[in-house]
>>> print(open('my_file_21.json').read())   # JSON, C-alpha atoms and all ligand atoms
[["chain", "number", "residue", "atom", "x", "y", "z"],
["H", 1, "MET", "CA", 101.26, 81.38, 96.24],
["H", 2, "LYS", "CA", 102.14, 84.01, 98.82],
["H", 3, "GLN", "CA", 101.03, 87.56, 98.17],
["H", 4, "ALA", "CA", 103.63, 90.30, 97.90],
["H", 5, "LYS", "CA", 103.19, 94.04, 97.68],
["H", 6, "ALA", "CA", 105.81, 96.65, 96.86],
["H", 7, "ILE", "CA", 106.32, 100.03, 98.48],
["H", 8, "VAL", "CA", 108.25, 102.31, 96.13],
["H", 9, "LEU", "CA", 109.65, 105.39, 97.84],
["H", 10, "ALA", "CA", 109.68, 108.69, 95.98],
["H", 11, "ALA", "CA", 109.12, 111.25, 98.71],
["H", 12, "GLY", "CA", 112.71, 112.37, 99.17],
["H", 13, "GLN", "CA", 113.98, 115.86, 98.38],
["H", 14, "GLY", "CA", 117.18, 114.77, 96.69],
["H", 15, "LYS", "CA", 119.27, 117.37, 98.50],
["H", 16, "ARG", "CA", 122.56, 115.76, 97.45],
["H", 17, "MET", "CA", 121.51, 115.88, 93.80],
["H", 18, "GLY", "CA", 120.85, 119.59, 94.10],
["H", 19, "SER", "CA", 118.43, 119.70, 91.16],
["H", 20, "VAL", "CA", 115.26, 121.83, 91.04],
["H", 21, "VAL", "CA", 113.21, 118.80, 90.03],
["H", 22, "PRO", "CA", 113.49, 116.00, 92.65],
["H", 23, "LYS", "CA", 115.89, 113.36, 91.29],
["H", 24, "GLN", "CA", 113.22, 110.62, 91.07],
["H", 25, "PHE", "CA", 111.49, 112.70, 88.39],
["H", 26, "LEU", "CA", 114.60, 113.65, 86.40],
["H", 27, "GLU", "CA", 114.64, 112.19, 82.89],
["H", 28, "LEU", "CA", 116.65, 109.13, 82.01],
["H", 29, "ASP", "CA", 116.38, 108.41, 78.28],
["H", 30, "GLY", "CA", 113.18, 110.45, 78.08],
["H", 31, "LYS", "CA", 111.43, 108.78, 81.01],
["H", 32, "PRO", "CA", 111.32, 109.77, 84.68],
["H", 33, "LEU", "CA", 113.89, 107.88, 86.76],
["H", 34, "LEU", "CA", 111.02, 106.51, 88.84],
["H", 35, "PHE", "CA", 109.56, 104.80, 85.75],
["H", 36, "TYR", "CA", 112.28, 102.14, 85.67],
["H", 37, "SER", "CA", 111.75, 100.65, 89.13],
["H", 38, "LEU", "CA", 107.97, 100.87, 88.78],
["H", 39, "GLU", "CA", 108.25, 98.96, 85.48],
["H", 40, "CYS", "CA", 110.26, 96.19, 87.14],
["H", 41, "PHE", "CA", 107.69, 95.68, 89.92],
["H", 42, "GLU", "CA", 104.77, 96.01, 87.48],
["H", 43, "GLN", "CA", 106.21, 93.22, 85.32],
["H", 44, "SER", "CA", 106.92, 90.85, 88.22],
["H", 45, "GLU", "CA", 104.45, 88.04, 88.78],
["H", 46, "LEU", "CA", 105.41, 88.11, 92.46],
["H", 47, "ILE", "CA", 103.86, 91.53, 92.98],
["H", 48, "SER", "CA", 100.12, 92.02, 93.29],
["H", 49, "GLU", "CA", 100.08, 95.69, 94.20],
["H", 50, "ILE", "CA", 102.39, 98.69, 94.26],
["H", 51, "ILE", "CA", 102.13, 101.51, 96.79],
["H", 52, "LEU", "CA", 103.91, 104.61, 95.63],
["H", 53, "VAL", "CA", 104.97, 107.07, 98.33],
["H", 54, "ALA", "CA", 105.54, 110.64, 97.15],
["H", 55, "GLY", "CA", 105.80, 114.20, 98.40],
["H", 56, "LYS", "CA", 102.31, 115.67, 98.93],
["H", 57, "ASP", "CA", 102.70, 118.19, 96.10],
["H", 58, "ALA", "CA", 104.03, 115.57, 93.69],
["H", 59, "ILE", "CA", 101.07, 113.18, 94.05],
["H", 60, "PRO", "CA", 99.16, 114.47, 90.97],
["H", 61, "PHE", "CA", 102.36, 114.21, 88.90],
["H", 62, "CYS", "CA", 102.89, 110.65, 90.12],
["H", 63, "TRP", "CA", 99.37, 109.69, 89.03],
["H", 64, "LYS", "CA", 100.19, 111.22, 85.63],
["H", 65, "ILE", "CA", 103.25, 108.95, 85.38],
["H", 66, "VAL", "CA", 101.17, 105.94, 86.44],
["H", 67, "ASP", "CA", 98.44, 106.68, 83.87],
["H", 68, "HIS", "CA", 100.83, 107.62, 81.08],
["H", 69, "PHE", "CA", 102.83, 104.39, 81.35],
["H", 70, "GLY", "CA", 99.79, 102.28, 82.20],
["H", 71, "PHE", "CA", 101.00, 100.88, 85.51],
["H", 72, "GLN", "CA", 98.00, 98.76, 86.52],
["H", 73, "LYS", "CA", 99.43, 97.60, 89.85],
["H", 74, "VAL", "CA", 99.86, 101.05, 91.37],
["H", 75, "LYS", "CA", 96.74, 101.25, 93.50],
["H", 76, "TYR", "CA", 97.80, 103.97, 95.92],
["H", 77, "VAL", "CA", 99.96, 107.07, 95.79],
["H", 78, "VAL", "CA", 100.29, 108.27, 99.37],
["H", 79, "PRO", "CA", 102.09, 111.23, 100.94],
["H", 80, "GLY", "CA", 105.42, 110.42, 102.54],
["H", 81, "GLY", "CA", 106.98, 111.82, 105.70],
["H", 82, "LYS", "CA", 109.97, 113.85, 106.79],
["H", 83, "GLU", "CA", 112.44, 110.97, 106.97],
["H", 84, "ARG", "CA", 112.73, 107.86, 104.82],
["H", 85, "TYR", "CA", 111.43, 105.65, 107.66],
["H", 86, "ASP", "CA", 108.36, 107.93, 107.98],
["H", 87, "SER", "CA", 107.63, 107.42, 104.28],
["H", 88, "VAL", "CA", 108.04, 103.65, 104.63],
["H", 89, "TYR", "CA", 105.59, 103.67, 107.55],
["H", 90, "GLU", "CA", 103.01, 105.58, 105.47],
["H", 91, "GLY", "CA", 103.36, 102.89, 102.81],
["H", 92, "LEU", "CA", 103.10, 100.06, 105.32],
["H", 93, "LYS", "CA", 99.87, 101.52, 106.71],
["H", 94, "VAL", "CA", 98.07, 101.18, 103.37],
["H", 95, "CYS", "CA", 99.48, 97.74, 102.55],
["H", 96, "GLY", "CA", 96.65, 96.10, 104.46],
["H", 97, "ASP", "CA", 96.96, 92.40, 104.90],
["H", 98, "CYS", "CA", 99.71, 90.76, 102.85],
["H", 99, "ASP", "CA", 102.37, 88.11, 103.37],
["H", 100, "ILE", "CA", 105.50, 89.76, 102.03],
["H", 101, "VAL", "CA", 106.40, 93.38, 101.40],
["H", 102, "PHE", "CA", 109.16, 94.74, 99.17],
["H", 103, "ILE", "CA", 110.51, 98.15, 100.15],
["H", 104, "HIS", "CA", 112.39, 99.88, 97.35],
["H", 105, "ASP", "CA", 113.99, 103.28, 96.72],
["H", 106, "GLY", "CA", 112.45, 104.96, 93.68],
["H", 107, "ALA", "CA", 115.92, 106.46, 93.27],
["H", 108, "ARG", "CA", 117.27, 103.00, 92.34],
["H", 109, "PRO", "CA", 116.20, 102.51, 88.73],
["H", 110, "PHE", "CA", 117.75, 99.09, 88.11],
["H", 111, "PRO", "CA", 116.34, 96.29, 90.26],
["H", 112, "ASP", "CA", 115.80, 93.17, 88.14],
["H", 113, "ALA", "CA", 113.55, 90.13, 88.02],
["H", 114, "GLY", "CA", 116.20, 87.75, 89.39],
["H", 115, "MET", "CA", 116.83, 89.99, 92.37],
["H", 116, "LEU", "CA", 113.11, 90.16, 93.10],
["H", 117, "GLU", "CA", 112.89, 86.36, 93.03],
["H", 118, "ARG", "CA", 115.95, 85.87, 95.25],
["H", 119, "THR", "CA", 114.80, 88.40, 97.84],
["H", 120, "PHE", "CA", 111.24, 87.06, 97.84],
["H", 121, "GLU", "CA", 112.49, 83.52, 98.55],
["H", 122, "ALA", "CA", 114.80, 84.75, 101.31],
["H", 123, "ALA", "CA", 112.11, 86.87, 102.97],
["H", 124, "ASP", "CA", 109.79, 83.89, 102.92],
["H", 125, "THR", "CA", 112.46, 81.67, 104.50],
["H", 126, "TYR", "CA", 114.14, 84.07, 106.96],
["H", 127, "GLY", "CA", 111.48, 86.75, 107.53],
["H", 128, "ALA", "CA", 113.82, 89.58, 106.50],
["H", 129, "CYS", "CA", 116.41, 90.16, 103.80],
["H", 130, "VAL", "CA", 118.28, 92.86, 101.95],
["H", 131, "ALA", "CA", 119.71, 93.00, 98.45],
["H", 132, "ALA", "CA", 123.43, 93.72, 98.74],
["H", 133, "VAL", "CA", 126.72, 93.36, 96.92],
["H", 134, "PRO", "CA", 130.12, 92.41, 98.36],
["H", 135, "SER", "CA", 132.33, 95.44, 98.78],
["H", 136, "LYS", "CA", 134.90, 95.72, 95.96],
["H", 137, "ASP", "CA", 137.23, 98.21, 97.62],
["H", 138, "THR", "CA", 139.56, 97.96, 100.57],
["H", 139, "MET", "CA", 137.53, 99.37, 103.42],
["H", 140, "LYS", "CA", 138.99, 101.54, 106.16],
["H", 141, "GLN", "CA", 137.48, 103.00, 109.26],
["H", 142, "GLY", "CA", 138.44, 106.63, 109.83],
["H", 143, "THR", "CA", 138.81, 108.78, 112.92],
["H", 144, "PRO", "CA", 136.75, 112.01, 113.23],
["H", 145, "ASP", "CA", 139.84, 113.97, 112.15],
["H", 146, "GLY", "CA", 140.25, 111.97, 108.96],
["H", 147, "LEU", "CA", 143.03, 109.51, 109.84],
["H", 148, "VAL", "CA", 142.86, 105.78, 109.21],
["H", 149, "GLU", "CA", 141.85, 104.01, 112.38],
["H", 150, "ARG", "CA", 142.05, 100.52, 110.91],
["H", 151, "THR", "CA", 141.47, 98.41, 107.83],
["H", 152, "LEU", "CA", 138.33, 96.34, 107.96],
["H", 153, "ASP", "CA", 138.00, 92.73, 106.88],
["H", 154, "ARG", "CA", 136.49, 93.21, 103.44],
["H", 155, "SER", "CA", 135.31, 89.62, 103.16],
["H", 156, "THR", "CA", 132.56, 90.43, 105.68],
["H", 157, "LEU", "CA", 131.49, 93.77, 104.20],
["H", 158, "TRP", "CA", 128.53, 94.35, 101.90],
["H", 159, "ASN", "CA", 127.09, 97.42, 100.23],
["H", 160, "VAL", "CA", 123.42, 97.30, 101.04],
["H", 161, "GLN", "CA", 120.76, 98.19, 98.50],
["H", 162, "THR", "CA", 117.03, 97.89, 98.10],
["H", 163, "PRO", "CA", 114.75, 96.03, 97.69],
["H", 164, "GLN", "CA", 114.66, 95.11, 101.35],
["H", 165, "VAL", "CA", 112.01, 92.46, 101.74],
["H", 166, "PHE", "CA", 110.16, 91.34, 104.84],
["H", 167, "ARG", "CA", 107.28, 89.37, 106.17],
["H", 168, "TYR", "CA", 104.66, 92.10, 106.43],
["H", 169, "ASP", "CA", 103.62, 91.44, 110.05],
["H", 170, "LEU", "CA", 107.24, 91.50, 111.16],
["H", 171, "ILE", "CA", 108.27, 94.78, 109.49],
["H", 172, "MET", "CA", 105.04, 96.51, 110.52],
["H", 173, "GLU", "CA", 105.64, 95.46, 114.13],
["H", 174, "ALA", "CA", 109.26, 96.65, 113.88],
["H", 175, "HIS", "CA", 108.25, 100.08, 112.58],
["H", 176, "GLN", "CA", 105.51, 100.46, 115.19],
["H", 177, "LYS", "CA", 107.89, 99.52, 118.00],
["H", 178, "ILE", "CA", 110.69, 101.83, 116.91],
["H", 179, "ARG", "CA", 108.30, 104.75, 116.55],
["H", 180, "LYS", "CA", 107.51, 104.56, 120.26],
["H", 181, "GLY", "CA", 111.06, 105.59, 121.17],
["H", 182, "SER", "CA", 113.49, 108.14, 119.80],
["H", 183, "ILE", "CA", 114.74, 107.30, 116.34],
["H", 184, "GLU", "CA", 118.19, 108.40, 115.28],
["H", 185, "GLY", "CA", 120.33, 107.57, 112.27],
["H", 186, "VAL", "CA", 118.00, 104.95, 110.82],
["H", 187, "THR", "CA", 118.92, 104.80, 107.14],
["H", 188, "ASP", "CA", 117.23, 101.57, 106.13],
["H", 189, "ASP", "CA", 114.52, 99.15, 107.24],
["H", 190, "SER", "CA", 116.87, 96.28, 107.94],
["H", 191, "MET", "CA", 118.47, 98.43, 110.64],
["H", 192, "ILE", "CA", 115.15, 98.59, 112.50],
["H", 193, "VAL", "CA", 114.82, 94.80, 112.47],
["H", 194, "GLU", "CA", 118.49, 94.43, 113.50],
["H", 195, "THR", "CA", 118.20, 96.97, 116.33],
["H", 196, "LEU", "CA", 115.14, 95.30, 117.80],
["H", 197, "GLY", "CA", 116.68, 91.86, 117.29],
["H", 198, "ILE", "CA", 113.44, 90.65, 115.72],
["H", 199, "CYS", "CA", 115.07, 88.10, 113.41],
["H", 200, "PRO", "CA", 118.29, 87.60, 111.48],
["H", 201, "VAL", "CA", 118.41, 89.57, 108.22],
["H", 202, "LYS", "CA", 119.63, 87.55, 105.25],
["H", 203, "LEU", "CA", 122.05, 89.18, 102.78],
["H", 204, "VAL", "CA", 120.95, 88.39, 99.24],
["H", 205, "MET", "CA", 122.99, 89.08, 96.10],
["H", 206, "GLY", "CA", 121.75, 92.30, 94.51],
["H", 207, "SER", "CA", 123.58, 93.71, 91.51],
["H", 208, "TYR", "CA", 126.33, 96.25, 90.89],
["H", 209, "ASP", "CA", 123.94, 97.95, 88.43],
["H", 210, "ASN", "CA", 121.42, 98.53, 91.19],
["H", 211, "ILE", "CA", 122.85, 101.94, 92.10],
["H", 212, "LYS", "CA", 121.09, 104.64, 94.04],
["H", 213, "VAL", "CA", 121.08, 107.85, 92.06],
["H", 214, "THR", "CA", 122.27, 110.22, 94.75],
["H", 215, "THR", "CA", 124.61, 112.85, 93.26],
["H", 216, "PRO", "CA", 124.85, 114.29, 89.70],
["H", 217, "GLU", "CA", 127.59, 111.87, 88.54],
["H", 218, "ASP", "CA", 125.27, 108.94, 89.33],
["H", 219, "LEU", "CA", 122.95, 110.14, 86.56],
["H", 220, "VAL", "CA", 125.73, 109.71, 84.00],
["H", 221, "ILE", "CA", 126.47, 106.24, 85.38],
["H", 222, "ALA", "CA", 122.74, 105.39, 85.22],
["H", 223, "GLU", "CA", 122.58, 106.52, 81.57],
["H", 224, "ASN", "CA", 125.47, 104.20, 80.73],
["H", 225, "ILE", "CA", 123.94, 101.26, 82.61],
["H", 226, "LEU", "CA", 120.67, 101.81, 80.77],
["H", 227, "LYS", "CA", 122.41, 101.92, 77.35],
["H", 228, "ARG", "CA", 124.30, 98.69, 78.11],
["H", 229, "ARG", "CA", 121.15, 96.95, 79.29],
["H", 230, "GLU", "CA", 119.18, 98.09, 76.24],
["H", 231, "LYS", "CA", 121.95, 96.81, 73.94],
["H", 232, "ALA", "CA", 121.92, 93.45, 75.73],
["H", 233, "THR", "CA", 118.10, 93.17, 75.41],
["H", 234, "LEU", "CA", 118.34, 93.99, 71.70],
["H", 235, "LYS", "CA", 121.02, 91.32, 71.16],
["H", 236, "MET", "CA", 118.89, 88.75, 72.99],
["H", 237, "LYS", "CA", 115.88, 89.62, 70.83],
["H", 238, "GLU", "CA", 117.97, 89.32, 67.65],
["H", 239, "LYS", "CA", 119.09, 85.83, 68.72],
["H", 240, "GLU", "CA", 115.49, 84.67, 69.34],
["P", 301, "LIG", "N1", 111.47, 111.42, 103.58],
["P", 301, "LIG", "C1", 111.87, 110.62, 102.60],
["P", 301, "LIG", "C2", 113.24, 110.49, 102.28],
["P", 301, "LIG", "C3", 113.63, 109.65, 101.24],
["P", 301, "LIG", "N2", 112.68, 108.98, 100.55],
["P", 301, "LIG", "C4", 113.05, 108.11, 99.43],
["P", 301, "LIG", "O1", 113.97, 107.15, 99.89],
["P", 301, "LIG", "C5", 114.95, 106.84, 98.90],
["P", 301, "LIG", "C6", 116.30, 107.02, 99.57],
["P", 301, "LIG", "O2", 117.23, 107.63, 98.77],
["P", 301, "LIG", "P1", 118.00, 108.99, 99.12],
["P", 301, "LIG", "O3", 119.10, 109.05, 98.14],
["P", 301, "LIG", "O4", 118.38, 109.09, 100.52],
["P", 301, "LIG", "O5", 116.91, 110.10, 98.75],
["P", 301, "LIG", "P2", 116.71, 111.58, 99.28],
["P", 301, "LIG", "O6", 116.34, 111.59, 100.70],
["P", 301, "LIG", "O7", 115.75, 112.18, 98.32],
["P", 301, "LIG", "O8", 118.15, 112.21, 99.05],
["P", 301, "LIG", "P3", 118.92, 113.29, 99.93],
["P", 301, "LIG", "O9", 119.30, 112.59, 101.21],
["P", 301, "LIG", "O10", 120.09, 113.65, 99.08],
["P", 301, "LIG", "O11", 117.98, 114.45, 100.16],
["P", 301, "LIG", "C7", 114.63, 107.74, 97.71],
["P", 301, "LIG", "O12", 113.93, 107.03, 96.72],
["P", 301, "LIG", "C8", 113.76, 108.84, 98.30],
["P", 301, "LIG", "O13", 112.81, 109.41, 97.41],
["P", 301, "LIG", "C9", 111.33, 109.09, 100.88],
["P", 301, "LIG", "O14", 110.49, 108.46, 100.24],
["P", 301, "LIG", "N3", 110.96, 109.91, 101.92],
["P", 302, "LIG", "C1", 118.08, 102.20, 101.97],
["P", 302, "LIG", "C2", 119.39, 102.49, 101.31],
["P", 302, "LIG", "O1", 119.23, 102.81, 99.96],
["P", 302, "LIG", "C3", 120.27, 101.27, 101.37],
["P", 302, "LIG", "O2", 121.51, 101.53, 100.81],
["P", 302, "LIG", "C4", 120.11, 103.64, 101.98],
["P", 302, "LIG", "O3", 120.40, 103.28, 103.29],
["P", 302, "LIG", "C5", 119.39, 104.94, 101.93],
["P", 302, "LIG", "O4", 120.16, 105.84, 102.66],
["P", 302, "LIG", "P1", 120.34, 107.36, 102.37],
["P", 302, "LIG", "O5", 121.01, 107.90, 103.58],
["P", 302, "LIG", "O6", 118.97, 107.87, 102.23],
["P", 302, "LIG", "O7", 121.19, 107.50, 101.18]]
>>> encode(input="my_file_21.json", output="structure tokens", more="lines below")
Ligand SMILES: Nc1ccn([C@@H]2O[C@H](COP(=O)(O)OP(=O)(O)OP(=O)(O)O)[C@@H](O)[C@H]2O)c(=O)n1
Ligand SMILES: C[C@](O)(CO)[C@H](O)COP(=O)(O)O
Amino acid sequence: MKQAKAIVLAAGQGKRMGSVVPKQFLELDGKPLLFYSLECFEQSELISEIILVAGKDAIPFCWKIVDHFGFQKVKYVVPGGKERYDSVYEGLKVCGDCDIVFIHDGARPFPDAGMLERTFEAADTYGACVAAVPSKDTMKQGTPDGLVERTLDRSTLWNVQTPQVFRYDLIMEAHQKIRKGSIEGVTDDSMIVETLGICPVKLVMGSYDNIKVTTPEDLVIAENILKRREKATLKMKEKE
């Protein structure tokens, strides 16, 4: 069985959320938002170790979360960097030797076991993959002054999520290479692999629940998703 580790990112400032407490620590049904993704990776048999990346000042608080909820797989909480890709690199450095690495936004509370399995399989087969969902809206490209330039072919468009899952050697090499030049506008890890042309990146079905909590209205959406999921779990348990 191949060995997979997970890097969970929680070193962002959450500027678009505008809260005093960084969004990954805001409460969702009495638990920090970060709890939910950590729980999913903790419960997955695919994952041997979790590396949590946090802001330097938040590291003690992260260890408190880890201890309080008894997350056995979190072996490291390391300081992140200025940009998301800097934080990923800090996580990659402590991964050590492993076959597959999951990279996940701590601001996405709802990955699920099926998604972890699908992305693991795809990363093993293709070397690189991203969880994503087909775009539901008509997509238009705009001009800088806000006019419609053209309508895009929706059947080819996907909203990309995390986890993004890679062969470890490949993503480490990609990050090391890109860091030698000037990095601009890199918003995810797949983009680094794409830019360097290292290997094709497979699109894997994520889920429409797997939202990134970015702005205040996303918290309300997340609360509703959580309620629905809890109801569904309860129903399943009643049936058993
Ligand atoms: N330097 C950074 C920047 C982001 N992240 C993490 O990467 C994920 C990306 O989500 P995003 O919404 O971009 O988070 P923030 O950067 O915190 O948000 P904002 O851009 O609004 O400040 C989050 O889990 C965030 O904590 C990180 O670990 N290190
Ligand atoms: C990695 C990501 O969550 C995939 O959708 C996204 O690219 C993060 O980007 P952001 O600019 O930090 O929101």
>>> closest_atom_pairs(input="my_file_21.json", of="chain H", to="ligand LIG 301 (chain P)", cutoff="7 Å", atoms="all atoms listed in the file", output="JSON lines")
{"residue": "H:Leu9", "atom": "CA", "partner": "P:LIG301", "partner_atom": "O14", "distance": 4.0}
{"residue": "H:Ala10", "atom": "CA", "partner": "P:LIG301", "partner_atom": "O13", "distance": 3.5}
{"residue": "H:Ala11", "atom": "CA", "partner": "P:LIG301", "partner_atom": "O14", "distance": 3.5}
{"residue": "H:Gly12", "atom": "CA", "partner": "P:LIG301", "partner_atom": "O7", "distance": 3.2}
{"residue": "H:Gln13", "atom": "CA", "partner": "P:LIG301", "partner_atom": "O7", "distance": 4.1}
{"residue": "H:Gly14", "atom": "CA", "partner": "P:LIG301", "partner_atom": "O7", "distance": 3.4}
{"residue": "H:Lys15", "atom": "CA", "partner": "P:LIG301", "partner_atom": "O11", "distance": 3.6}
{"residue": "H:Arg16", "atom": "CA", "partner": "P:LIG301", "partner_atom": "O10", "distance": 3.6}
{"residue": "H:Met17", "atom": "CA", "partner": "P:LIG301", "partner_atom": "O10", "distance": 5.9}
{"residue": "H:Gln24", "atom": "CA", "partner": "P:LIG301", "partner_atom": "O13", "distance": 6.5}
{"residue": "H:Val53", "atom": "CA", "partner": "P:LIG301", "partner_atom": "O14", "distance": 6.0}
{"residue": "H:Ala54", "atom": "CA", "partner": "P:LIG301", "partner_atom": "O14", "distance": 6.2}
{"residue": "H:Gly80", "atom": "CA", "partner": "P:LIG301", "partner_atom": "N3", "distance": 5.6}
{"residue": "H:Gly81", "atom": "CA", "partner": "P:LIG301", "partner_atom": "N1", "distance": 5.0}
{"residue": "H:Lys82", "atom": "CA", "partner": "P:LIG301", "partner_atom": "N1", "distance": 4.3}
{"residue": "H:Glu83", "atom": "CA", "partner": "P:LIG301", "partner_atom": "N1", "distance": 3.6}
{"residue": "H:Arg84", "atom": "CA", "partner": "P:LIG301", "partner_atom": "C1", "distance": 3.6}
{"residue": "H:Asp86", "atom": "CA", "partner": "P:LIG301", "partner_atom": "N1", "distance": 6.4}
{"residue": "H:Ser87", "atom": "CA", "partner": "P:LIG301", "partner_atom": "N3", "distance": 4.8}
{"residue": "H:Val88", "atom": "CA", "partner": "P:LIG301", "partner_atom": "O14", "distance": 7.0}
{"residue": "H:Asp105", "atom": "CA", "partner": "P:LIG301", "partner_atom": "O12", "distance": 3.8}
{"residue": "H:Gly106", "atom": "CA", "partner": "P:LIG301", "partner_atom": "O12", "distance": 4.0}
{"residue": "H:Ala107", "atom": "CA", "partner": "P:LIG301", "partner_atom": "O12", "distance": 4.0}
{"residue": "H:Arg108", "atom": "CA", "partner": "P:LIG301", "partner_atom": "O12", "distance": 6.8}
{"residue": "H:Lys212", "atom": "CA", "partner": "P:LIG301", "partner_atom": "O3", "distance": 6.3}
{"residue": "H:Val213", "atom": "CA", "partner": "P:LIG301", "partner_atom": "O3", "distance": 6.5}
{"residue": "H:Thr214", "atom": "CA", "partner": "P:LIG301", "partner_atom": "O3", "distance": 4.8}
>>> residues_near_ligand(input="my_file_21.json", ligand="ligand LIG 302 (chain P)", cutoff="6 Å", atoms="all atoms listed in the file", output="JSON list (two decimals) with C-alpha atoms, keeping the file's coordinate frame")
[["chain", "number", "residue", "atom", "x", "y", "z"],
["H", 160, "VAL", "CA", 123.42, 97.30, 101.04],
["H", 161, "GLN", "CA", 120.76, 98.19, 98.50],
["H", 162, "THR", "CA", 117.03, 97.89, 98.10],
["H", 187, "THR", "CA", 118.92, 104.80, 107.14],
["H", 188, "ASP", "CA", 117.23, 101.57, 106.13]]
>>> residues_near_point(input="my_file_21.json", point="(114.9, 89.5, 93.3)", cutoff="10 Å", atoms="all atoms listed in the file", output="list in words")
Ser44, Leu46, Phe102, Pro111, Asp112, Ala113, Gly114, Met115, Leu116, Glu117, Arg118, Thr119, Phe120, Glu121, Ala122, Val130, Ala131, Thr162, Pro163, Gln164, Val165, Val204, Met205, Gly206 and Ser207 of chain H
>>> closest_residue(input="my_file_21.json", among="H:Tyr168, H:Tyr76, H:Tyr126, H:Phe110", to="H:Glu49", atoms="all atoms listed in the file")
H:Tyr76
>>> closest_residue(input="my_file_21.json", among="H:Glu39, H:Asp169, H:Glu45, H:Glu149", to="H:Cys98", atoms="all atoms listed in the file")
H:Asp169
>>> closest_residue(input="my_file_21.json", among="H:Cys95, H:Lys140, H:Lys202, H:Thr195", to="H:Met172", atoms="all atoms listed in the file")
H:Cys95
>>> closest_residue(input="my_file_21.json", among="H:Leu226, H:Arg154, H:Ala123, H:Cys199", to="H:Asp137", atoms="only C-alpha atoms")
H:Arg154
>>> atom_distance(input="my_file_21.json", atom1="atom CA of H:Val94", atom2="atom CA of H:Ile171")
13.5 Å
>>> atom_distance(input="my_file_21.json", atom1="atom CA of H:Leu33", atom2="atom CA of H:Asp124")
29.2 Å
>>> atom_distance(input="my_file_21.json", atom1="atom CA of H:Pro109", atom2="atom CA of H:Leu219")
10.4 Å
>>> closest_residue(input="my_file_21.json", among="H:Ala58, H:Met191, H:Ile7, H:Val148", to="H:Glu90", atoms="only C-alpha atoms")
H:Ile7
>>> closest_residue(input="my_file_21.json", among="H:Ile100, H:Val78, H:Cys62, H:Ile211", to="H:Ile225", atoms="all atoms listed in the file")
H:Ile211
>>> build_atoms(input="my_file_21.json", residues="stretch 52-56 of chain H", atoms="all heavy atoms", output="short mmCIF file (atom, residue, chain, number, x, y, z; two decimals), in the frame of the given file")
data_model
loop_
_atom_site.label_atom_id
_atom_site.label_comp_id
_atom_site.auth_asym_id
_atom_site.auth_seq_id
_atom_site.Cartn_x
_atom_site.Cartn_y
_atom_site.Cartn_z
N LEU H 52 102.91 103.59 95.93
CA LEU H 52 103.91 104.61 95.63
C LEU H 52 103.81 105.69 96.70
O LEU H 52 102.71 106.16 97.00
CB LEU H 52 103.63 105.16 94.23
CG LEU H 52 104.54 106.23 93.65
CD1 LEU H 52 106.00 105.80 93.66
CD2 LEU H 52 104.11 106.54 92.20
N VAL H 53 104.95 106.04 97.29
CA VAL H 53 104.97 107.07 98.33
C VAL H 53 105.67 108.30 97.75
O VAL H 53 106.80 108.19 97.27
CB VAL H 53 105.70 106.58 99.60
CG1 VAL H 53 105.57 107.61 100.72
CG2 VAL H 53 105.16 105.23 100.06
N ALA H 54 104.98 109.44 97.79
CA ALA H 54 105.54 110.64 97.15
C ALA H 54 105.32 111.87 98.04
O ALA H 54 104.50 111.83 98.96
CB ALA H 54 104.85 110.86 95.81
N GLY H 55 106.03 112.93 97.71
CA GLY H 55 105.80 114.20 98.40
C GLY H 55 104.36 114.64 98.10
O GLY H 55 103.86 114.40 97.00
N LYS H 56 103.73 115.30 99.07
CA LYS H 56 102.31 115.67 98.93
C LYS H 56 102.04 116.41 97.60
O LYS H 56 101.10 116.08 96.88
CB LYS H 56 101.93 116.55 100.13
CG LYS H 56 100.47 116.64 100.38
CD LYS H 56 100.25 117.25 101.78
CE LYS H 56 98.86 117.84 101.86
NZ LYS H 56 98.83 119.28 101.63
#
